[in-house]
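Undergrad: See structure_11.cif below, with mmCIF, C-alpha atoms.
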```cif
data_input
loop_
_atom_site.label_atom_id
_atom_site.label_comp_id
_atom_site.auth_asym_id
_atom_site.auth_seq_id
_atom_site.Cartn_x
_atom_site.Cartn_y
_atom_site.Cartn_z
CA MET A 1 151.32 -18.72 91.77
CA ALA A 2 152.55 -21.99 90.27
CA SER A 3 155.31 -22.02 87.71
CA GLN A 4 154.49 -24.00 84.61
CA PRO A 5 156.12 -27.44 84.47
CA SER A 6 158.85 -28.03 81.90
CA GLY A 7 158.10 -30.33 78.97
CA ASN A 8 160.20 -33.06 80.62
CA GLU A 9 158.35 -32.69 83.93
CA MET A 10 154.97 -32.82 82.17
CA GLN A 11 156.04 -35.98 80.34
CA ARG A 12 157.21 -37.56 83.61
CA MET A 13 153.86 -36.71 85.22
CA GLN A 14 151.92 -38.21 82.29
CA GLU A 15 154.03 -41.39 82.49
CA THR A 16 153.50 -41.57 86.26
CA ILE A 17 149.73 -41.28 85.88
CA GLN A 18 149.76 -43.88 83.06
CA THR A 19 151.64 -46.30 85.32
CA ILE A 20 149.15 -45.78 88.15
CA SER A 21 146.29 -46.20 85.67
CA HIS A 22 147.78 -49.41 84.31
CA TYR A 23 147.84 -50.85 87.84
CA ALA A 24 144.25 -49.69 88.46
CA GLU A 25 143.07 -51.28 85.20
CA ILE A 26 144.71 -54.64 85.89
CA TYR A 27 143.74 -55.02 89.53
CA HIS A 28 140.56 -52.99 89.91
CA ASN A 29 139.06 -52.35 86.45
CA GLY A 30 139.56 -48.64 87.06
CA LYS A 31 141.55 -45.92 85.37
CA VAL A 32 143.33 -42.69 86.20
CA GLU A 33 143.68 -39.84 83.70
CA LEU A 34 145.72 -36.66 84.01
CA VAL A 35 143.42 -33.65 83.60
CA SER A 36 145.90 -30.89 84.38
CA PHE A 37 149.25 -30.18 85.98
CA ASP A 38 150.46 -26.63 86.62
CA GLY A 39 153.66 -27.48 88.47
CA GLU A 40 152.11 -27.42 91.96
CA THR A 41 148.62 -28.87 91.53
CA VAL A 42 147.73 -32.14 89.82
CA ILE A 43 144.13 -32.80 88.82
CA VAL A 44 143.16 -36.32 87.81
CA HIS A 45 139.98 -38.10 86.84
CA LEU A 46 139.38 -41.53 88.37
CA GLY A 47 137.19 -43.51 86.01
CA GLY A 48 135.99 -47.00 85.31
CA ALA A 49 135.29 -48.94 88.49
CA CYS A 50 136.94 -46.16 90.53
CA GLU A 51 134.27 -43.63 89.59
CA GLU A 52 131.52 -44.86 91.89
CA CYS A 53 133.71 -46.80 94.32
CA PRO A 54 133.41 -45.87 98.01
CA LEU A 55 137.19 -46.36 98.27
CA MET A 56 137.92 -43.68 95.66
CA PRO A 57 139.10 -41.13 98.28
CA TRP A 58 141.50 -43.74 99.68
CA THR A 59 142.80 -44.53 96.17
CA LEU A 60 143.24 -40.83 95.45
CA HIS A 61 145.18 -40.07 98.62
CA ARG A 62 146.99 -43.32 99.40
CA VAL A 63 147.87 -44.43 95.88
CA VAL A 64 147.75 -41.49 93.48
CA GLU A 65 148.78 -38.66 95.80
CA SER A 66 151.46 -40.61 97.69
CA THR A 67 153.06 -41.81 94.44
CA ILE A 68 153.04 -38.30 92.97
CA ARG A 69 154.47 -36.74 96.13
CA ASP A 70 157.26 -39.34 96.25
CA LEU A 71 158.28 -38.55 92.66
CA PHE A 72 157.40 -34.83 92.58
CA PRO A 73 158.04 -33.45 96.09
CA HIS A 74 157.19 -29.86 95.05
CA VAL A 75 153.57 -30.80 94.21
CA GLN A 76 151.30 -29.16 96.78
CA HIS A 77 147.86 -30.51 95.83
CA VAL A 78 146.43 -33.62 94.19
CA LYS A 79 142.72 -33.40 93.40
CA ALA A 80 140.18 -35.53 91.61
CA LEU A 81 137.80 -34.07 89.07
CA GLN A 82 134.40 -35.55 89.76
CA LYS A 83 132.01 -36.70 87.08
CA GLY A 84 130.39 -33.65 85.49
CA GLN A 85 132.85 -31.17 87.04
CA THR A 86 134.92 -28.77 85.00
CA ILE A 87 138.19 -27.04 85.83
CA GLU A 88 137.67 -23.48 87.01
#
```
Show me, as structure tokens, the structure contained in the file I just sent.
TA:
Amino acid sequence: MASQPSGNEMQRMQETIQTISHYAEIYHNGKVELVSFDGETVIVHLGGACEECPLMPWTLHRVVESTIRDLFPHVQHVKALQKGQTIE
């Protein structure tokens, strides 16, 4: 079971996702939003141009996940919430 992230860790994660999203907006007309973070699992939504892009899995794993794992080595999973999905 994941331990809940501290307020500081949650803020760092939000800032990390905002930085990634800023890059995506400038260079690809996409966006990344933090949906949830429980300390071990990060769920994001890739929107804008990323939403229907065939390279979305690459962006998720090579950009979003690798950045998160570099800064938060204890994170075990990084997942994308697809359009119309809800968190279980």
Undergrad: Using the chain letters and numbers from the file, which residues does the PyMOL selection byres ((chain A and resi 34-40) around 8) grab, as number ranges by chain?
TA: A: 2-5, 10, 14, 17, 32-33, 41-45, 74-77, 81
Undergrad: Enclose all atoms of segment 30-37 of chain A listed in the file in an axis-aligned box, grow every side by 3 Å, and hand back centre and edge lengths in Å to one decimal, as AutoDock Vina command-line options.
TA:
```
--center_x 144.4 --center_y -39.4 --center_z 85.3 --size_x 15.7 --size_y 24.5 --size_z 9.5
```
Undergrad: Using only C-alpha atoms and a cutoff of 12 Å, can you tell me which residues are near (154.7, -42.9, 85.9) in the file's coordinates, and write them out as a PyMOL selection string?
TA: chain A and resi 9-23+32-34+64+67-72
Undergrad: In Å, with one decimal, what is the gap from atom CA of Val78 of chain A to atom CA of Met56 of chain A?
TA: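 Between these atoms lies a distance of 13.3 Å.
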Undergrad: For atom CA of Cys50 of chain A and atom CA of His28 of chain A, quote the distance in Å rounded to one decimal.
TA: 7.8 Å
Undergrad: Could you please determine the separation between atom CA of Arg62 of chain A and atom CA of Gly7 of chain A in Å, to one decimal place?
TA: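 Distance between the two atoms: 26.6 Å.
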Undergrad: Could you pull chain A out of the structure I just pasted and write it to a file containing C-alpha atoms, as a compact mmCIF listing (two decimals), in the first residue's frame?
TA:
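File produced: result-v9.txt:
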```txt
# COMPACT_ATOMS: atom_id res chain seq x y z
CA MET A 1 0.00 0.00 0.00
CA ALA A 2 1.33 3.44 -0.90
CA SER A 3 2.03 6.01 1.76
CA GLN A 4 0.48 9.38 1.07
CA PRO A 5 2.93 11.99 -0.22
CA SER A 6 3.80 14.90 2.05
CA GLY A 7 2.51 18.36 1.12
CA ASN A 8 6.01 19.31 -0.08
CA GLU A 9 6.28 16.17 -2.23
CA MET A 10 2.84 16.79 -3.75
CA GLN A 11 3.84 20.37 -4.55
CA ARG A 12 7.09 19.18 -6.16
CA MET A 13 5.14 16.68 -8.26
CA GLN A 14 2.66 19.36 -9.38
CA GLU A 15 5.55 21.67 -10.33
CA THR A 16 7.27 18.84 -12.21
CA ILE A 17 4.12 18.09 -14.21
CA GLN A 18 3.60 21.82 -14.90
CA THR A 19 7.15 22.07 -16.25
CA ILE A 20 6.63 19.06 -18.52
CA SER A 21 3.30 20.52 -19.65
CA HIS A 22 4.89 23.88 -20.40
CA TYR A 23 7.39 22.14 -22.69
CA ALA A 24 4.60 20.14 -24.36
CA GLU A 25 2.55 23.30 -24.94
CA ILE A 26 5.42 25.25 -26.49
CA TYR A 27 6.81 22.54 -28.73
CA HIS A 28 3.86 20.26 -29.47
CA ASN A 29 0.62 22.11 -28.64
CA GLY A 30 -0.08 19.46 -26.02
CA LYS A 31 -0.53 19.48 -22.28
CA VAL A 32 0.03 17.25 -19.27
CA GLU A 33 -2.13 17.44 -16.15
CA LEU A 34 -1.64 15.69 -12.83
CA VAL A 35 -4.72 13.61 -12.03
CA SER A 36 -3.49 11.87 -8.90
CA PHE A 37 -0.37 10.99 -6.94
CA ASP A 38 -0.46 8.59 -4.00
CA GLY A 39 3.27 8.46 -3.30
CA GLU A 40 3.98 5.46 -5.55
CA THR A 41 1.68 5.88 -8.54
CA VAL A 42 1.31 8.99 -10.69
CA ILE A 43 -1.68 9.33 -13.00
CA VAL A 44 -1.62 12.05 -15.63
CA HIS A 45 -3.86 13.16 -18.45
CA LEU A 46 -2.19 14.02 -21.75
CA GLY A 47 -4.36 16.51 -23.58
CA GLY A 48 -4.32 18.93 -26.44
CA ALA A 49 -2.39 17.60 -29.42
CA CYS A 50 -1.09 14.72 -27.26
CA GLU A 51 -4.56 13.23 -26.83
CA GLU A 52 -4.90 11.65 -30.26
CA CYS A 53 -1.21 11.54 -31.15
CA PRO A 54 0.22 8.13 -32.10
CA LEU A 55 3.38 9.11 -30.19
CA MET A 56 1.49 9.56 -26.91
CA PRO A 57 2.84 6.28 -25.42
CA TRP A 58 6.38 7.41 -26.26
CA THR A 59 5.75 10.82 -24.66
CA LEU A 60 4.30 9.16 -21.57
CA HIS A 61 7.19 6.75 -21.05
CA ARG A 62 10.19 8.61 -22.45
CA VAL A 63 9.35 12.14 -21.33
CA VAL A 64 6.85 12.08 -18.47
CA GLU A 65 7.82 8.81 -16.77
CA SER A 66 11.59 9.23 -17.17
CA THR A 67 11.47 12.77 -15.76
CA ILE A 68 9.33 11.69 -12.81
CA ARG A 69 11.54 8.67 -12.05
CA ASP A 70 14.67 10.84 -12.15
CA LEU A 71 13.19 13.26 -9.60
CA PHE A 72 11.08 10.81 -7.57
CA PRO A 73 12.95 7.47 -7.57
CA HIS A 74 10.39 5.83 -5.24
CA VAL A 75 7.57 6.21 -7.81
CA GLN A 76 6.65 2.74 -9.08
CA HIS A 77 4.06 3.51 -11.77
CA VAL A 78 3.27 6.34 -14.17
CA LYS A 79 -0.02 5.95 -16.02
CA ALA A 80 -2.09 8.03 -18.38
CA LEU A 81 -5.81 8.48 -17.89
CA GLN A 82 -7.42 8.10 -21.28
CA LYS A 83 -10.24 10.29 -22.54
CA GLY A 84 -13.47 9.21 -20.85
CA GLN A 85 -11.72 7.07 -18.21
CA THR A 86 -12.18 7.57 -14.50
CA ILE A 87 -9.93 6.62 -11.60
CA GLU A 88 -11.03 3.40 -9.93
```
